[in-house]
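Chemist: Just one file: input_24.cif, with mmCIF, C-alpha atoms; chains and numbers go by the auth columns.
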```cif
data_final
loop_
_atom_site.group_PDB
_atom_site.id
_atom_site.type_symbol
_atom_site.label_atom_id
_atom_site.label_comp_id
_atom_site.label_asym_id
_atom_site.label_seq_id
_atom_site.Cartn_x
_atom_site.Cartn_y
_atom_site.Cartn_z
_atom_site.B_iso_or_equiv
_atom_site.auth_seq_id
_atom_site.auth_asym_id
ATOM 1 C CA GLN A 1 -127.793 69.352 112.317 0.00 1 A
ATOM 2 C CA ALA A 2 -130.785 71.563 113.134 0.00 2 A
ATOM 3 C CA ASP A 3 -129.221 72.505 116.486 0.00 3 A
ATOM 4 C CA LEU A 4 -125.937 73.314 114.730 0.00 4 A
ATOM 5 C CA THR A 5 -127.797 75.648 112.351 0.00 5 A
ATOM 6 C CA LEU A 6 -129.155 77.633 115.307 0.00 6 A
ATOM 7 C CA ILE A 7 -125.761 77.713 117.061 0.00 7 A
ATOM 8 C CA ARG A 8 -124.026 78.836 113.846 0.00 8 A
ATOM 9 C CA SER A 9 -126.584 81.624 113.461 0.00 9 A
ATOM 10 C CA ILE A 10 -125.801 82.876 116.978 0.00 10 A
ATOM 11 C CA GLY A 11 -122.064 82.753 116.259 0.00 11 A
ATOM 12 C CA GLU A 12 -122.294 84.569 112.927 0.00 12 A
ATOM 13 C CA GLN A 13 -125.247 86.929 113.430 0.00 13 A
ATOM 14 C CA LYS A 14 -125.180 87.271 117.256 0.00 14 A
ATOM 15 C CA ALA A 15 -128.813 86.100 117.181 0.00 15 A
ATOM 16 C CA VAL A 16 -130.955 83.296 115.773 0.00 16 A
ATOM 17 C CA THR A 17 -132.230 84.563 112.425 0.00 17 A
ATOM 18 C CA LYS A 18 -135.604 83.707 110.904 0.00 18 A
ATOM 19 C CA GLU A 19 -133.790 81.908 108.101 0.00 19 A
ATOM 20 C CA ALA A 20 -131.898 79.738 110.611 0.00 20 A
ATOM 21 C CA ARG A 21 -135.154 78.902 112.413 0.00 21 A
ATOM 22 C CA ARG A 22 -136.846 77.917 109.113 0.00 22 A
ATOM 23 C CA ASP A 23 -133.818 75.850 108.100 0.00 23 A
ATOM 24 C CA SER A 24 -133.914 74.042 111.454 0.00 24 A
ATOM 25 C CA ILE A 25 -137.638 73.365 111.052 0.00 25 A
ATOM 26 C CA ASP A 26 -136.958 71.804 107.621 0.00 26 A
ATOM 27 C CA LYS A 27 -134.248 69.560 109.106 0.00 27 A
ATOM 28 C CA TRP A 28 -136.452 68.447 112.011 0.00 28 A
ATOM 29 C CA ASN A 29 -139.262 67.764 109.539 0.00 29 A
ATOM 30 C CA GLU A 30 -136.953 65.537 107.469 0.00 30 A
ATOM 31 C CA SER A 31 -135.863 63.737 110.627 0.00 31 A
ATOM 32 C CA SER A 32 -139.498 63.181 111.646 0.00 32 A
ATOM 33 C CA LYS A 33 -140.298 61.648 108.247 0.00 33 A
ATOM 34 C CA LEU A 34 -137.294 59.323 108.565 0.00 34 A
ATOM 35 C CA CYS A 35 -138.501 58.267 112.026 0.00 35 A
ATOM 36 C CA GLN A 36 -141.929 57.480 110.591 0.00 36 A
ATOM 37 C CA GLU A 37 -140.314 55.244 107.960 0.00 37 A
ATOM 38 C CA ILE A 38 -138.387 53.400 110.682 0.00 38 A
ATOM 39 C CA ILE A 39 -141.600 52.914 112.713 0.00 39 A
ATOM 40 C CA TYR A 40 -143.491 51.678 109.630 0.00 40 A
ATOM 41 C CA ASN A 41 -140.751 49.179 108.669 0.00 41 A
ATOM 42 C CA ALA A 42 -139.822 47.984 112.173 0.00 42 A
ATOM 43 C CA LYS A 43 -143.331 47.307 113.543 0.00 43 A
ATOM 44 C CA PRO A 44 -144.187 44.317 111.283 0.00 44 A
ATOM 45 C CA VAL A 45 -140.973 42.497 112.209 0.00 45 A
ATOM 46 C CA GLY A 46 -141.400 43.238 115.925 0.00 46 A
ATOM 47 C CA VAL A 47 -138.253 45.316 116.496 0.00 47 A
ATOM 48 C CA SER A 48 -139.671 47.274 119.437 0.00 48 A
ATOM 49 C CA TYR A 49 -136.350 48.943 120.384 0.00 49 A
ATOM 50 C CA PHE A 50 -136.149 50.779 117.039 0.00 50 A
ATOM 51 C CA VAL A 51 -139.828 51.729 117.202 0.00 51 A
ATOM 52 C CA GLU A 52 -139.313 53.141 120.706 0.00 52 A
ATOM 53 C CA GLN A 53 -136.251 55.169 119.679 0.00 53 A
ATOM 54 C CA ALA A 54 -137.944 56.465 116.521 0.00 54 A
ATOM 55 C CA LEU A 55 -141.082 57.470 118.462 0.00 55 A
ATOM 56 C CA SER A 56 -138.966 59.360 120.994 0.00 56 A
ATOM 57 C CA ARG A 57 -137.072 61.152 118.215 0.00 57 A
ATOM 58 C CA LYS A 58 -140.306 61.969 116.372 0.00 58 A
ATOM 59 C CA TYR A 59 -141.813 63.374 119.591 0.00 59 A
ATOM 60 C CA HIS A 60 -138.822 65.694 120.062 0.00 60 A
ATOM 61 C CA CYS A 61 -138.781 66.754 116.383 0.00 61 A
ATOM 62 C CA HIS A 62 -142.399 67.917 116.486 0.00 62 A
ATOM 63 C CA LEU A 63 -141.906 69.616 119.858 0.00 63 A
ATOM 64 C CA LEU A 64 -138.846 71.512 118.573 0.00 64 A
ATOM 65 C CA MET A 65 -140.667 72.484 115.364 0.00 65 A
ATOM 66 C CA ALA A 66 -143.567 73.803 117.452 0.00 66 A
ATOM 67 C CA ILE A 67 -141.185 75.885 119.591 0.00 67 A
ATOM 68 C CA GLU A 68 -139.485 77.398 116.533 0.00 68 A
ATOM 69 C CA TYR A 69 -142.819 78.138 114.816 0.00 69 A
ATOM 70 C CA GLY A 70 -143.890 79.860 118.026 0.00 70 A
ATOM 71 C CA LYS A 71 -140.764 82.019 117.970 0.00 71 A
ATOM 72 C CA LEU A 72 -141.580 82.912 114.357 0.00 72 A
ATOM 73 C CA LYS A 73 -145.132 83.800 115.537 0.00 73 A
ATOM 74 C CA GLN A 74 -146.601 81.253 113.137 0.00 74 A
ATOM 75 C CA TRP A 75 -149.142 80.335 115.781 0.00 75 A
ATOM 76 C CA ASP A 76 -151.274 77.867 113.806 0.00 76 A
ATOM 77 C CA ASP A 77 -148.233 75.875 112.645 0.00 77 A
ATOM 78 C CA ALA A 78 -146.927 75.791 116.215 0.00 78 A
ATOM 79 C CA GLN A 79 -150.306 74.592 117.481 0.00 79 A
ATOM 80 C CA LYS A 80 -150.446 71.844 114.829 0.00 80 A
ATOM 81 C CA HIS A 81 -147.050 70.440 115.816 0.00 81 A
ATOM 82 C CA LEU A 82 -147.846 70.601 119.534 0.00 82 A
ATOM 83 C CA GLU A 83 -151.019 68.619 118.864 0.00 83 A
ATOM 84 C CA LEU A 84 -148.961 66.047 116.917 0.00 84 A
ATOM 85 C CA THR A 85 -146.513 65.877 119.832 0.00 85 A
ATOM 86 C CA THR A 86 -149.425 65.305 122.227 0.00 86 A
ATOM 87 C CA LYS A 87 -150.747 62.514 120.007 0.00 87 A
ATOM 88 C CA ILE A 88 -147.325 60.812 119.939 0.00 88 A
ATOM 89 C CA GLY A 89 -146.975 61.316 123.710 0.00 89 A
ATOM 90 C CA GLN A 90 -150.184 59.363 124.374 0.00 90 A
ATOM 91 C CA ASN A 91 -148.210 56.219 123.590 0.00 91 A
ATOM 92 C CA ASP A 92 -147.574 54.303 126.822 0.00 92 A
ATOM 93 C CA ARG A 93 -143.818 54.568 126.272 0.00 93 A
ATOM 94 C CA PHE A 94 -143.913 58.242 127.286 0.00 94 A
ATOM 95 C CA SER A 95 -143.738 59.510 130.856 0.00 95 A
ATOM 96 C CA GLU A 96 -145.906 62.027 132.701 0.00 96 A
ATOM 97 C CA VAL A 97 -143.001 64.482 132.383 0.00 97 A
ATOM 98 C CA ASP A 98 -143.117 64.197 128.571 0.00 98 A
ATOM 99 C CA ILE A 99 -146.874 64.809 128.548 0.00 99 A
ATOM 100 C CA GLY A 100 -146.551 67.656 131.053 0.00 100 A
ATOM 101 C CA ARG A 101 -143.785 69.271 129.016 0.00 101 A
ATOM 102 C CA VAL A 102 -145.997 69.423 125.898 0.00 102 A
ATOM 103 C CA ARG A 103 -148.855 70.935 127.928 0.00 103 A
ATOM 104 C CA MET A 104 -146.412 73.484 129.355 0.00 104 A
ATOM 105 C CA TRP A 105 -145.356 74.538 125.843 0.00 105 A
ATOM 106 C CA MET A 106 -149.017 74.682 124.754 0.00 106 A
ATOM 107 C CA GLY A 107 -149.651 77.054 127.647 0.00 107 A
ATOM 108 C CA LYS A 108 -146.647 79.153 126.653 0.00 108 A
ATOM 109 C CA LEU A 109 -147.815 79.246 123.028 0.00 109 A
ATOM 110 C CA HIS A 110 -151.263 80.580 123.983 0.00 110 A
ATOM 111 C CA PHE A 111 -149.665 83.045 126.414 0.00 111 A
ATOM 112 C CA ASP A 112 -147.185 84.344 123.801 0.00 112 A
ATOM 113 C CA ARG A 113 -150.029 84.668 121.304 0.00 113 A
ATOM 114 C CA TYR A 114 -152.028 86.647 123.869 0.00 114 A
ATOM 115 C CA ILE A 115 -149.093 89.007 124.545 0.00 115 A
ATOM 116 C CA ASP A 116 -148.404 89.460 120.820 0.00 116 A
ATOM 117 C CA ASN A 117 -152.060 90.262 120.103 0.00 117 A
ATOM 118 C CA CYS A 118 -152.140 92.774 122.972 0.00 118 A
ATOM 119 C CA SER A 119 -149.518 94.841 121.158 0.00 119 A
ATOM 120 C CA THR A 120 -151.205 94.684 117.756 0.00 120 A
ATOM 121 C CA ILE A 121 -154.975 94.586 118.272 0.00 121 A
ATOM 122 C CA ALA A 122 -157.500 95.968 120.714 0.00 122 A
ATOM 123 C CA GLN A 123 -158.274 93.769 123.706 0.00 123 A
ATOM 124 C CA ASP A 124 -161.189 91.566 122.753 0.00 124 A
ATOM 125 C CA GLU A 125 -162.907 88.419 123.939 0.00 125 A
ATOM 126 C CA GLN A 126 -161.162 86.239 121.360 0.00 126 A
ATOM 127 C CA ASN A 127 -157.698 87.272 122.543 0.00 127 A
ATOM 128 C CA GLY A 128 -158.841 86.811 126.139 0.00 128 A
ATOM 129 C CA GLN A 129 -159.486 83.168 125.219 0.00 129 A
ATOM 130 C CA ASN A 130 -155.755 82.760 124.531 0.00 130 A
ATOM 131 C CA LEU A 131 -155.043 83.667 128.159 0.00 131 A
ATOM 132 C CA ILE A 132 -157.716 81.253 129.421 0.00 132 A
ATOM 133 C CA LYS A 133 -156.303 78.471 127.205 0.00 133 A
ATOM 134 C CA ALA A 134 -152.815 79.249 128.533 0.00 134 A
ATOM 135 C CA GLN A 135 -154.112 78.844 132.083 0.00 135 A
ATOM 136 C CA ILE A 136 -155.866 75.544 131.281 0.00 136 A
ATOM 137 C CA GLN A 137 -152.830 73.985 129.555 0.00 137 A
ATOM 138 C CA THR A 138 -150.444 75.150 132.283 0.00 138 A
ATOM 139 C CA SER A 139 -152.772 73.729 134.959 0.00 139 A
ATOM 140 C CA ILE A 140 -152.831 70.353 133.156 0.00 140 A
ATOM 141 C CA ALA A 141 -149.025 70.433 132.943 0.00 141 A
ATOM 142 C CA TRP A 142 -148.835 71.281 136.644 0.00 142 A
ATOM 143 C CA GLN A 143 -151.102 68.313 137.532 0.00 143 A
ATOM 144 C CA LYS A 144 -148.862 65.973 135.528 0.00 144 A
ATOM 145 C CA PHE A 145 -145.744 67.332 137.227 0.00 145 A
ATOM 146 C CA VAL A 146 -147.312 67.012 140.696 0.00 146 A
ATOM 147 C CA GLU A 147 -147.880 63.309 139.950 0.00 147 A
ATOM 148 C CA VAL A 148 -144.188 63.043 139.027 0.00 148 A
ATOM 149 C CA LEU A 149 -143.112 64.879 142.207 0.00 149 A
ATOM 150 C CA ASN A 150 -145.321 62.614 144.334 0.00 150 A
ATOM 151 C CA ALA A 151 -143.556 59.629 142.769 0.00 151 A
ATOM 152 C CA GLY A 152 -140.222 61.077 143.925 0.00 152 A
ATOM 153 C CA SER A 153 -138.896 62.293 140.568 0.00 153 A
ATOM 154 C CA SER A 154 -137.824 65.779 139.476 0.00 154 A
ATOM 155 C CA ILE A 155 -139.645 68.125 137.063 0.00 155 A
ATOM 156 C CA PRO A 156 -138.598 70.974 134.706 0.00 156 A
ATOM 157 C CA PHE A 157 -138.551 74.069 136.946 0.00 157 A
ATOM 158 C CA ASP A 158 -139.562 76.329 133.997 0.00 158 A
ATOM 159 C CA ILE A 159 -143.187 75.406 134.728 0.00 159 A
ATOM 160 C CA ASN A 160 -143.114 77.719 137.748 0.00 160 A
ATOM 161 C CA LEU A 161 -142.134 80.729 135.628 0.00 161 A
ATOM 162 C CA SER A 162 -144.805 80.016 132.995 0.00 162 A
ATOM 163 C CA HIS A 163 -147.380 79.586 135.744 0.00 163 A
ATOM 164 C CA ALA A 164 -146.225 82.857 137.375 0.00 164 A
ATOM 165 C CA HIS A 165 -146.615 84.870 134.144 0.00 165 A
ATOM 166 C CA ILE A 166 -150.119 83.565 133.509 0.00 166 A
ATOM 167 C CA SER A 167 -151.217 84.058 137.132 0.00 167 A
ATOM 168 C CA TYR A 168 -150.006 87.669 136.997 0.00 168 A
ATOM 169 C CA PHE A 169 -152.004 88.450 133.853 0.00 169 A
ATOM 170 C CA LEU A 170 -155.062 86.768 135.380 0.00 170 A
ATOM 171 C CA GLY A 171 -154.756 89.172 138.315 0.00 171 A
ATOM 172 C CA ASP A 172 -153.474 86.695 140.939 0.00 172 A
ATOM 173 C CA THR A 173 -150.377 88.700 141.920 0.00 173 A
ATOM 174 C CA HIS A 174 -149.791 86.820 145.195 0.00 174 A
ATOM 175 C CA LYS A 175 -149.679 83.426 143.431 0.00 175 A
ATOM 176 C CA ALA A 176 -147.478 84.895 140.662 0.00 176 A
ATOM 177 C CA ILE A 177 -144.919 86.166 143.194 0.00 177 A
ATOM 178 C CA ASN A 178 -144.834 82.840 145.060 0.00 178 A
ATOM 179 C CA LEU A 179 -144.332 80.881 141.838 0.00 179 A
ATOM 180 C CA ALA A 180 -141.602 83.290 140.672 0.00 180 A
ATOM 181 C CA ILE A 181 -139.784 82.857 144.006 0.00 181 A
ATOM 182 C CA VAL A 182 -139.974 79.046 143.693 0.00 182 A
ATOM 183 C CA TYR A 183 -138.600 79.344 140.143 0.00 183 A
ATOM 184 C CA LEU A 184 -135.680 81.519 141.327 0.00 184 A
ATOM 185 C CA ILE A 185 -134.821 79.155 144.191 0.00 185 A
ATOM 186 C CA MET A 186 -134.832 76.133 141.866 0.00 186 A
ATOM 187 C CA HIS A 187 -132.840 78.045 139.235 0.00 187 A
ATOM 188 C CA VAL A 188 -130.142 79.032 141.750 0.00 188 A
ATOM 189 C CA LYS A 189 -129.982 75.446 143.041 0.00 189 A
ATOM 190 C CA ASN A 190 -129.602 74.204 139.483 0.00 190 A
ATOM 191 C CA ILE A 191 -126.739 76.640 138.766 0.00 191 A
ATOM 192 C CA SER A 192 -124.853 76.132 142.029 0.00 192 A
ATOM 193 C CA GLY A 193 -125.537 72.430 142.425 0.00 193 A
ATOM 194 C CA ARG A 194 -126.208 72.968 146.120 0.00 194 A
ATOM 195 C CA SER A 195 -128.987 74.225 148.344 0.00 195 A
ATOM 196 C CA CYS A 196 -129.315 77.986 148.465 0.00 196 A
ATOM 197 C CA CYS A 197 -131.239 77.966 151.774 0.00 197 A
#
```
Please render this file's structure as structure tokens.
Modeler:
Amino acid sequence: QADLTLIRSIGEQKAVTKEARRDSIDKWNESSKLCQEIIYNAKPVGVSYFVEQALSRKYHCHLLMAIEYGKLKQWDDAQKHLELTTKIGQNDRFSEVDIGRVRMWMGKLHFDRYIDNCSTIAQDEQNGQNLIKAQIQTSIAWQKFVEVLNAGSSIPFDINLSHAHISYFLGDTHKAINLAIVYLIMHVKNISGRSCC
């Protein structure tokens, strides 16, 4: 239902409104609470399948809430839900891709916060920390994804674009260009379904 709210907003308003984002957050929050009830009631009777499904749903609810809070520039709320997602993801049922994805969004959150602050306040050391944090989280995500690649599985190609943005703002233009090219190649392959080289 939360996804439908966002889609309806695009159809009616030609954009996702703040109200639609807040409404979606409320729905994901309700869903997360329901998942917690399922986990609480299923664990004592040993129904691991339901616990696993509820944990997965709860993970995605908090991740989606974090993303929407980030788009609303409610940075602290976004950070809180990403930390909750990380905590849920530490469960051994979650893959390296799941953990890497949260770290990638943490990096994007700090990067977006850095960019937003650049337009509203003078450059200072505290805002510079947002860029450093973005680099750290993106590097952790990258390490997780490299482990996945080495195991022969695929990764979300968005990581290359996030990494490129951060590298550019840290002054590593050469690395930023290389990462952007990798992102474009993977994006074209994804669209066409065939090799572009």
Chemist: If the PyMOL selection byres ((chain A and resi 70) around 12) is run on the structure shown, which residues does it catch, given as a VMD selection string?
Modeler: chain A and resid 18 21 to 22 25 63 to 69 71 to 82 105 to 113 116
Chemist: Step by step, work through what the PyMOL selection byres ((chain A and resi 32) around 9) selects in the shown file, and finish by giving those residues as a list in words.
Modeler: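 Given this file, the PyMOL selection byres ((chain A and resi 32) around 9) evaluates to Lys27, Trp28, Asn29, Glu30, Ser31, Lys33, Leu34, Cys35, Gln36, Glu37, Ala54, Arg57, Lys58, Tyr59, His60, Cys61 and His62 of chain A.
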Chemist: Can you give me, as a PyMOL selection string, the residues this file yields under the PyMOL selection byres ((chain A and resi 156-160) around 7)?
Modeler: chain A and resi 104+155+161-164+179-180+182-183+186
Chemist: Rounded to one decimal, what separation in Å do you get between CA of Ile99 in chain A and CA of Ala141 in chain A?
Modeler: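 Taking CA of Ile99 in chain A and CA of Ala141 in chain A, their separation equals 7.5 Å.
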Chemist: First collect every listed atom of range 163-179 of chain A; then fit an axis-aligned box around them, widen it by 4 Å on each side, and give centre and edge lengths in Å to one decimal, as JSON.
Modeler:
```
{"center_x": -149.7, "center_y": 84.4, "center_z": 139.4, "size_x": 18.7, "size_y": 17.6, "size_z": 19.7}
```
Chemist: Residues within 9 Å of range 90-94 of chain A, please, as a ChimeraX atom specification. Count all atoms listed in the file; anything in the same chain fewer than 5 positions from it doesn't count.
Modeler: /A:52,55-56,85,99
Chemist: How many Å lie between CA of Phe169 in chain A and CA of Glu83 in chain A, rounded to one decimal?
Modeler: 24.9 Å
Chemist: Nearest residue to His165 in chain A out of A:Val102, A:Ala151, A:Ile177, A:Cys118, using only C-alpha atoms?
Modeler: A:Ile177
Chemist: I'd like the interatomic distance between CA of Gly100 in chain A and CA of Gln143 in chain A, to a tenth of an Å.
Modeler: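 Those two atoms sit 7.9 Å apart.
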Chemist: So, counting all atoms listed in the file, which residue among A:Glu96, A:Ser24, A:Glu19, A:Ala42 is closest to Ser154 in chain A?
Modeler: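 For Ser154 in chain A, the nearest of the candidates is A:Glu96.
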Chemist: Can you patch up range 174-185 of chain A, filling it in to all heavy atoms, and show the result as a PDB file, in the frame of the given file?
Modeler:
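Okay, result-v5.pdb is ready:
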```
ATOM      1  N   HIS A 174    -150.386  87.567 144.082  1.00  0.00           N
ATOM      2  CA  HIS A 174    -149.791  86.820 145.195  1.00  0.00           C
ATOM      3  C   HIS A 174    -149.261  85.461 144.717  1.00  0.00           C
ATOM      4  O   HIS A 174    -148.124  85.082 145.010  1.00  0.00           O
ATOM      5  CB  HIS A 174    -150.837  86.631 146.300  1.00  0.00           C
ATOM      6  CG  HIS A 174    -150.311  85.914 147.503  1.00  0.00           C
ATOM      7  ND1 HIS A 174    -149.410  86.496 148.379  1.00  0.00           N
ATOM      8  CD2 HIS A 174    -150.545  84.658 147.973  1.00  0.00           C
ATOM      9  CE1 HIS A 174    -149.108  85.628 149.336  1.00  0.00           C
ATOM     10  NE2 HIS A 174    -149.784  84.507 149.104  1.00  0.00           N
ATOM     11  N   LYS A 175    -150.089  84.732 143.966  1.00  0.00           N
ATOM     12  CA  LYS A 175    -149.679  83.426 143.431  1.00  0.00           C
ATOM     13  C   LYS A 175    -148.505  83.590 142.466  1.00  0.00           C
ATOM     14  O   LYS A 175    -147.561  82.788 142.484  1.00  0.00           O
ATOM     15  CB  LYS A 175    -150.862  82.770 142.712  1.00  0.00           C
ATOM     16  CG  LYS A 175    -150.577  81.368 142.207  1.00  0.00           C
ATOM     17  CD  LYS A 175    -151.836  80.761 141.574  1.00  0.00           C
ATOM     18  CE  LYS A 175    -151.590  79.352 141.085  1.00  0.00           C
ATOM     19  NZ  LYS A 175    -152.793  78.766 140.474  1.00  0.00           N
ATOM     20  N   ALA A 176    -148.556  84.642 141.636  1.00  0.00           N
ATOM     21  CA  ALA A 176    -147.478  84.895 140.662  1.00  0.00           C
ATOM     22  C   ALA A 176    -146.148  85.107 141.367  1.00  0.00           C
ATOM     23  O   ALA A 176    -145.116  84.557 140.959  1.00  0.00           O
ATOM     24  CB  ALA A 176    -147.826  86.106 139.804  1.00  0.00           C
ATOM     25  N   ILE A 177    -146.157  85.894 142.446  1.00  0.00           N
ATOM     26  CA  ILE A 177    -144.919  86.166 143.194  1.00  0.00           C
ATOM     27  C   ILE A 177    -144.385  84.880 143.828  1.00  0.00           C
ATOM     28  O   ILE A 177    -143.176  84.595 143.748  1.00  0.00           O
ATOM     29  CB  ILE A 177    -145.164  87.252 144.269  1.00  0.00           C
ATOM     30  CG1 ILE A 177    -145.399  88.607 143.587  1.00  0.00           C
ATOM     31  CG2 ILE A 177    -143.992  87.346 145.241  1.00  0.00           C
ATOM     32  CD1 ILE A 177    -145.899  89.696 144.507  1.00  0.00           C
ATOM     33  N   ASN A 178    -145.270  84.097 144.436  1.00  0.00           N
ATOM     34  CA  ASN A 178    -144.834  82.840 145.060  1.00  0.00           C
ATOM     35  C   ASN A 178    -144.211  81.883 144.048  1.00  0.00           C
ATOM     36  O   ASN A 178    -143.173  81.270 144.302  1.00  0.00           O
ATOM     37  CB  ASN A 178    -146.016  82.156 145.756  1.00  0.00           C
ATOM     38  CG  ASN A 178    -146.397  82.836 147.054  1.00  0.00           C
ATOM     39  OD1 ASN A 178    -145.585  83.539 147.659  1.00  0.00           O
ATOM     40  ND2 ASN A 178    -147.628  82.650 147.490  1.00  0.00           N
ATOM     41  N   LEU A 179    -144.851  81.768 142.882  1.00  0.00           N
ATOM     42  CA  LEU A 179    -144.332  80.881 141.838  1.00  0.00           C
ATOM     43  C   LEU A 179    -142.994  81.385 141.295  1.00  0.00           C
ATOM     44  O   LEU A 179    -142.086  80.598 141.018  1.00  0.00           O
ATOM     45  CB  LEU A 179    -145.349  80.753 140.702  1.00  0.00           C
ATOM     46  CG  LEU A 179    -146.574  79.891 141.013  1.00  0.00           C
ATOM     47  CD1 LEU A 179    -147.686  80.159 140.008  1.00  0.00           C
ATOM     48  CD2 LEU A 179    -146.216  78.408 141.020  1.00  0.00           C
ATOM     49  N   ALA A 180    -142.862  82.705 141.157  1.00  0.00           N
ATOM     50  CA  ALA A 180    -141.602  83.290 140.672  1.00  0.00           C
ATOM     51  C   ALA A 180    -140.479  83.035 141.672  1.00  0.00           C
ATOM     52  O   ALA A 180    -139.338  82.747 141.279  1.00  0.00           O
ATOM     53  CB  ALA A 180    -141.778  84.788 140.436  1.00  0.00           C
ATOM     54  N   ILE A 181    -140.795  83.120 142.970  1.00  0.00           N
ATOM     55  CA  ILE A 181    -139.784  82.857 144.006  1.00  0.00           C
ATOM     56  C   ILE A 181    -139.338  81.395 143.959  1.00  0.00           C
ATOM     57  O   ILE A 181    -138.137  81.095 144.026  1.00  0.00           O
ATOM     58  CB  ILE A 181    -140.339  83.220 145.410  1.00  0.00           C
ATOM     59  CG1 ILE A 181    -140.462  84.748 145.537  1.00  0.00           C
ATOM     60  CG2 ILE A 181    -139.439  82.660 146.512  1.00  0.00           C
ATOM     61  CD1 ILE A 181    -141.239  85.206 146.746  1.00  0.00           C
ATOM     62  N   VAL A 182    -140.312  80.471 143.801  1.00  0.00           N
ATOM     63  CA  VAL A 182    -139.974  79.046 143.693  1.00  0.00           C
ATOM     64  C   VAL A 182    -139.069  78.815 142.480  1.00  0.00           C
ATOM     65  O   VAL A 182    -138.081  78.080 142.551  1.00  0.00           O
ATOM     66  CB  VAL A 182    -141.249  78.176 143.581  1.00  0.00           C
ATOM     67  CG1 VAL A 182    -140.902  76.729 143.244  1.00  0.00           C
ATOM     68  CG2 VAL A 182    -142.045  78.236 144.887  1.00  0.00           C
ATOM     69  N   TYR A 183    -139.414  79.470 141.359  1.00  0.00           N
ATOM     70  CA  TYR A 183    -138.600  79.344 140.143  1.00  0.00           C
ATOM     71  C   TYR A 183    -137.166  79.805 140.403  1.00  0.00           C
ATOM     72  O   TYR A 183    -136.198  79.126 140.039  1.00  0.00           O
ATOM     73  CB  TYR A 183    -139.211  80.155 138.998  1.00  0.00           C
ATOM     74  CG  TYR A 183    -138.283  80.312 137.818  1.00  0.00           C
ATOM     75  CD1 TYR A 183    -138.108  79.287 136.899  1.00  0.00           C
ATOM     76  CD2 TYR A 183    -137.545  81.488 137.642  1.00  0.00           C
ATOM     77  CE1 TYR A 183    -137.239  79.409 135.830  1.00  0.00           C
ATOM     78  CE2 TYR A 183    -136.672  81.620 136.577  1.00  0.00           C
ATOM     79  CZ  TYR A 183    -136.518  80.582 135.672  1.00  0.00           C
ATOM     80  OH  TYR A 183    -135.641  80.718 134.625  1.00  0.00           O
ATOM     81  N   LEU A 184    -137.019  80.973 141.058  1.00  0.00           N
ATOM     82  CA  LEU A 184    -135.680  81.519 141.327  1.00  0.00           C
ATOM     83  C   LEU A 184    -134.871  80.604 142.238  1.00  0.00           C
ATOM     84  O   LEU A 184    -133.673  80.376 141.999  1.00  0.00           O
ATOM     85  CB  LEU A 184    -135.802  82.915 141.955  1.00  0.00           C
ATOM     86  CG  LEU A 184    -136.237  84.027 140.994  1.00  0.00           C
ATOM     87  CD1 LEU A 184    -136.544  85.304 141.769  1.00  0.00           C
ATOM     88  CD2 LEU A 184    -135.159  84.287 139.945  1.00  0.00           C
ATOM     89  N   ILE A 185    -135.519  80.063 143.269  1.00  0.00           N
ATOM     90  CA  ILE A 185    -134.821  79.155 144.191  1.00  0.00           C
ATOM     91  C   ILE A 185    -134.328  77.925 143.441  1.00  0.00           C
ATOM     92  O   ILE A 185    -133.170  77.513 143.563  1.00  0.00           O
ATOM     93  CB  ILE A 185    -135.747  78.754 145.365  1.00  0.00           C
ATOM     94  CG1 ILE A 185    -135.981  79.958 146.289  1.00  0.00           C
ATOM     95  CG2 ILE A 185    -135.150  77.580 146.155  1.00  0.00           C
ATOM     96  CD1 ILE A 185    -137.083  79.754 147.316  1.00  0.00           C
TER      97      ILE A 185
END
```
